[in-house]
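Contents: one structure, followed by commentary.
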Amino acid sequence: MLRAIRLIVLGLILLLGGAWTYAWVSRAPGQGVGEAFIALLGGASGGGEAGPVSSGGVQLPAGLALGGPFSLTDQSGKTVTERDYAGGWMLIYFGYSFCPDVCPTELGTMAAALDQLGPAGAKVVPVFITVDPQRDTPQHLTDYVGRFHPRMQGLTGTPEQVAEAARRYRVYYTKVQRPEMTDYLMDHSSFIYLVGPDAKVRSLFRPEQSPETIAAAIAAQIGRPTG
């Protein structure tokens, strides 16, 4: 009985932890994490109105807008903004090249999803935005993104530029220095964003979703009118 109670408590802790992370990602500009968390719980209990369902991805709360303007530097050293991708689609992941496991896995998933789309995959530009601009220079990103997909673009910038882009997408990240390690890690949220021609997020994919699921969701989205 005691073991069962412990498992239930552990499950609740994990559930609430996931809800808190999602509240951080999905909160509106100027909204506190606590407020977003309470609103999320209210919606889960039937007290709120559900947002539009993103096929194959996370159900976004009503009125939530992710994405928007940014100014960063690509792996060739060129300044790029969201206007450079206007009229097309992007598949974006925020992470860092020194990530030991999660980032390579998710970038590999993105590449596999685009390959599964066949010719239609050419409509989507895979983009990796670093949350570690201190180490992820344009030169370093050139080698890194090329390991995953020939069309993948790596974007970096000043810490302020990266922070602003992350804010637009509600990305959480922070530097972590462990006593037993000489170098630091970056703790960060891990979602894949499908961004439409209007620079707004159309689908949001959780970590460890399959390439098949993501490819199907992308195919459904790019086949819809963009007006």
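Here, A, B, ... name the chains of the structure tokens in the order displayed, residue numbers run from 1 inside each chain, and ligands are numbered from 1 in the same displayed order.
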Tell me which protein, DNA and RNA residues are within 8 Å of Val125 of chain A, counting only C-alpha atoms, leaving out same-chain ones fewer than 4 positions away, and put them as a VMD selection string.
chain A and resid 88 to 91 151 to 153
Just the selected residues (C-alpha atoms), exported as a PDB file, in the first residue's frame, please.
```
ATOM      1  CA  GLY A  88       7.562  29.998 -46.783  1.00  0.00           C
ATOM      2  CA  TRP A  89       7.498  27.510 -43.935  1.00  0.00           C
ATOM      3  CA  MET A  90      10.041  26.866 -41.195  1.00  0.00           C
ATOM      4  CA  LEU A  91      10.538  23.958 -38.810  1.00  0.00           C
ATOM      5  CA  ARG A 151      19.209  22.505 -45.942  1.00  0.00           C
ATOM      6  CA  MET A 152      19.249  23.064 -42.185  1.00  0.00           C
ATOM      7  CA  GLN A 153      20.161  26.596 -41.147  1.00  0.00           C
TER       8      GLN A 153
END
```
Any chance you could list, as an MDAnalysis selection string, the residues in segment 48-189 of chain A that come up strand (DSSP E) when DSSP is run on the backbone?
chainID A and resid 71:74 79:81 89:95 124:130 153:156 173:176 185:188
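Every protein or nucleic acid residue with an atom no more than 12 Å from Cys99 of chain A, counting only C-alpha atoms and leaving out same-chain residues fewer than 3 positions away, appears here: A:Phe94, A:Gly95, A:Tyr96, A:Val102, A:Cys103, A:Pro104, A:Thr105, A:Glu106, A:Leu107, A:Thr130, A:Val131, A:Asp132, A:Arg135, A:Asp136, A:Tyr144, A:Lys175, A:Val176, A:Asp183, A:Tyr184, A:Leu185, A:Met186, A:Asp187, A:His188, A:Ser190.
With only C-alpha atoms taken into account, the protein and nucleic acid residues at most 9 Å from Arg202 of chain A (excluding it and anything under 4 positions from it in its own chain) are Ser54, Leu66, Tyr193, Leu194, Val195, Gly196 and Gln221 of chain A.
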For all heavy atoms, I'd like the residues from the last selection saved as a PDB file, in the first residue's frame.
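Result written to selection_15.pdb:
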```pdb
ATOM      1  N   SER A  54      -3.851  21.501 -32.861  1.00  0.00           N
ATOM      2  CA  SER A  54      -2.816  21.469 -33.870  1.00  0.00           C
ATOM      3  C   SER A  54      -2.567  20.008 -34.219  1.00  0.00           C
ATOM      4  O   SER A  54      -2.093  19.253 -33.386  1.00  0.00           O
ATOM      5  CB  SER A  54      -1.547  22.120 -33.331  1.00  0.00           C
ATOM      6  OG  SER A  54      -0.488  21.959 -34.227  1.00  0.00           O
ATOM      7  N   LEU A  66       2.385  32.290 -30.891  1.00  0.00           N
ATOM      8  CA  LEU A  66       3.811  32.037 -30.762  1.00  0.00           C
ATOM      9  C   LEU A  66       4.499  32.439 -32.053  1.00  0.00           C
ATOM     10  O   LEU A  66       3.941  32.306 -33.139  1.00  0.00           O
ATOM     11  CB  LEU A  66       4.082  30.557 -30.493  1.00  0.00           C
ATOM     12  CG  LEU A  66       3.544  29.953 -29.194  1.00  0.00           C
ATOM     13  CD1 LEU A  66       3.855  28.470 -29.145  1.00  0.00           C
ATOM     14  CD2 LEU A  66       4.116  30.654 -27.989  1.00  0.00           C
ATOM     15  N   TYR A 193       8.793  23.638 -33.561  1.00  0.00           N
ATOM     16  CA  TYR A 193       7.767  24.576 -33.993  1.00  0.00           C
ATOM     17  C   TYR A 193       7.643  24.567 -35.509  1.00  0.00           C
ATOM     18  O   TYR A 193       8.642  24.750 -36.215  1.00  0.00           O
ATOM     19  CB  TYR A 193       8.125  25.998 -33.561  1.00  0.00           C
ATOM     20  CG  TYR A 193       8.356  26.189 -32.082  1.00  0.00           C
ATOM     21  CD1 TYR A 193       9.594  25.872 -31.508  1.00  0.00           C
ATOM     22  CD2 TYR A 193       7.363  26.684 -31.249  1.00  0.00           C
ATOM     23  CE1 TYR A 193       9.818  26.051 -30.147  1.00  0.00           C
ATOM     24  CE2 TYR A 193       7.582  26.867 -29.890  1.00  0.00           C
ATOM     25  CZ  TYR A 193       8.811  26.545 -29.347  1.00  0.00           C
ATOM     26  OH  TYR A 193       9.033  26.728 -27.998  1.00  0.00           O
ATOM     27  N   LEU A 194       6.428  24.371 -36.011  1.00  0.00           N
ATOM     28  CA  LEU A 194       6.156  24.556 -37.434  1.00  0.00           C
ATOM     29  C   LEU A 194       5.619  25.968 -37.609  1.00  0.00           C
ATOM     30  O   LEU A 194       4.573  26.315 -37.066  1.00  0.00           O
ATOM     31  CB  LEU A 194       5.135  23.537 -37.945  1.00  0.00           C
ATOM     32  CG  LEU A 194       4.737  23.706 -39.420  1.00  0.00           C
ATOM     33  CD1 LEU A 194       5.945  23.491 -40.344  1.00  0.00           C
ATOM     34  CD2 LEU A 194       3.596  22.766 -39.788  1.00  0.00           C
ATOM     35  N   VAL A 195       6.362  26.791 -38.346  1.00  0.00           N
ATOM     36  CA  VAL A 195       6.036  28.210 -38.494  1.00  0.00           C
ATOM     37  C   VAL A 195       5.538  28.468 -39.905  1.00  0.00           C
ATOM     38  O   VAL A 195       6.172  28.060 -40.890  1.00  0.00           O
ATOM     39  CB  VAL A 195       7.273  29.077 -38.188  1.00  0.00           C
ATOM     40  CG1 VAL A 195       6.935  30.561 -38.320  1.00  0.00           C
ATOM     41  CG2 VAL A 195       7.793  28.773 -36.785  1.00  0.00           C
ATOM     42  N   GLY A 196       4.416  29.138 -40.003  1.00  0.00           N
ATOM     43  CA  GLY A 196       3.796  29.401 -41.289  1.00  0.00           C
ATOM     44  C   GLY A 196       4.361  30.608 -42.001  1.00  0.00           C
ATOM     45  O   GLY A 196       5.243  31.310 -41.484  1.00  0.00           O
ATOM     46  N   GLN A 221      -0.766  20.852 -42.782  1.00  0.00           N
ATOM     47  CA  GLN A 221      -0.702  22.306 -42.676  1.00  0.00           C
ATOM     48  C   GLN A 221      -0.330  22.976 -43.998  1.00  0.00           C
ATOM     49  O   GLN A 221      -0.947  23.954 -44.408  1.00  0.00           O
ATOM     50  CB  GLN A 221       0.316  22.708 -41.593  1.00  0.00           C
ATOM     51  CG  GLN A 221      -0.139  22.422 -40.188  1.00  0.00           C
ATOM     52  CD  GLN A 221      -1.168  23.427 -39.685  1.00  0.00           C
ATOM     53  OE1 GLN A 221      -1.430  24.446 -40.321  1.00  0.00           O
ATOM     54  NE2 GLN A 221      -1.771  23.130 -38.556  1.00  0.00           N
TER      55      GLN A 221
END
```
Excluding Gly77 of chain A and its own-chain neighbours fewer than 3 positions away, which residues fall within 10 Å of it when counting only C-alpha atoms? Please give them as a VMD selection string.
chain A and resid 72 to 74 80 137 to 139 142 155 to 157
Grab the residues selected above and save them as a short mmCIF file (atom, residue, chain, number, x, y, z; two decimals), in the first residue's frame with N, CA and C atoms.
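Okay, part-v8.cif is ready:
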```
data_model
loop_
_atom_site.label_atom_id
_atom_site.label_comp_id
_atom_site.auth_asym_id
_atom_site.auth_seq_id
_atom_site.Cartn_x
_atom_site.Cartn_y
_atom_site.Cartn_z
N LEU A 72 18.69 37.65 -36.20
CA LEU A 72 19.76 36.75 -35.78
C LEU A 72 20.82 36.67 -36.87
N THR A 73 21.82 35.82 -36.65
CA THR A 73 22.91 35.65 -37.62
C THR A 73 22.98 34.20 -38.04
N ASP A 74 23.01 33.95 -39.36
CA ASP A 74 23.07 32.56 -39.80
C ASP A 74 24.51 32.05 -39.82
N VAL A 80 19.89 37.75 -40.53
CA VAL A 80 18.61 37.32 -41.09
C VAL A 80 17.49 37.68 -40.12
N THR A 137 29.10 29.78 -32.33
CA THR A 137 29.41 30.81 -33.30
C THR A 137 28.91 30.38 -34.68
N PRO A 138 28.82 31.31 -35.64
CA PRO A 138 28.41 30.91 -36.99
C PRO A 138 29.29 29.81 -37.57
N GLN A 139 30.60 29.91 -37.36
CA GLN A 139 31.51 28.89 -37.90
C GLN A 139 31.24 27.52 -37.28
N THR A 142 28.02 25.96 -38.70
CA THR A 142 28.12 25.46 -40.07
C THR A 142 28.37 23.96 -40.09
N LEU A 155 21.13 29.37 -36.59
CA LEU A 155 21.04 30.79 -36.27
C LEU A 155 21.57 31.06 -34.87
N THR A 156 22.35 32.11 -34.73
CA THR A 156 22.87 32.55 -33.46
C THR A 156 22.73 34.07 -33.39
N GLY A 157 23.39 34.72 -32.46
CA GLY A 157 23.29 36.17 -32.34
C GLY A 157 23.88 36.62 -31.03
#
```
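Using only C-alpha atoms, the residues found no farther than 8 Å from segment 109-120 of chain A, other than those of its own chain fewer than 2 positions away, are A:Leu91, A:Thr105, A:Glu106, A:Leu107, A:Ala122, A:Lys123, A:Val124, A:Pro126, A:Phe148, A:His149, A:Ser210, A:Pro211, A:Glu212, A:Ile214, A:Ala215, A:Ala219.
Closest approach to Ser71 of chain A from the set A:Gly108, A:Pro159, A:Pro100, A:Gly146 is made by A:Pro159, with distances taken over only C-alpha atoms.
Between atom CA of Val162 of chain A and atom CA of Ile129 of chain A there is a distance of 8.0 Å.
Minimum distance to Ser189 of chain A across A:Gln134, A:Gln161, A:Thr174, A:Gln75 (counting only C-alpha atoms) occurs at A:Thr174.
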With distances taken over only C-alpha atoms, which residue among A:Asp84, A:Pro150, A:Tyr93, A:Asp101 lies nearest Phe128 of chain A?
A:Tyr93
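Proximity of A:Arg167, A:Leu141, A:Thr158, A:Gly121 to Thr79 of chain A, computed with only C-alpha atoms, is greatest for A:Thr158.
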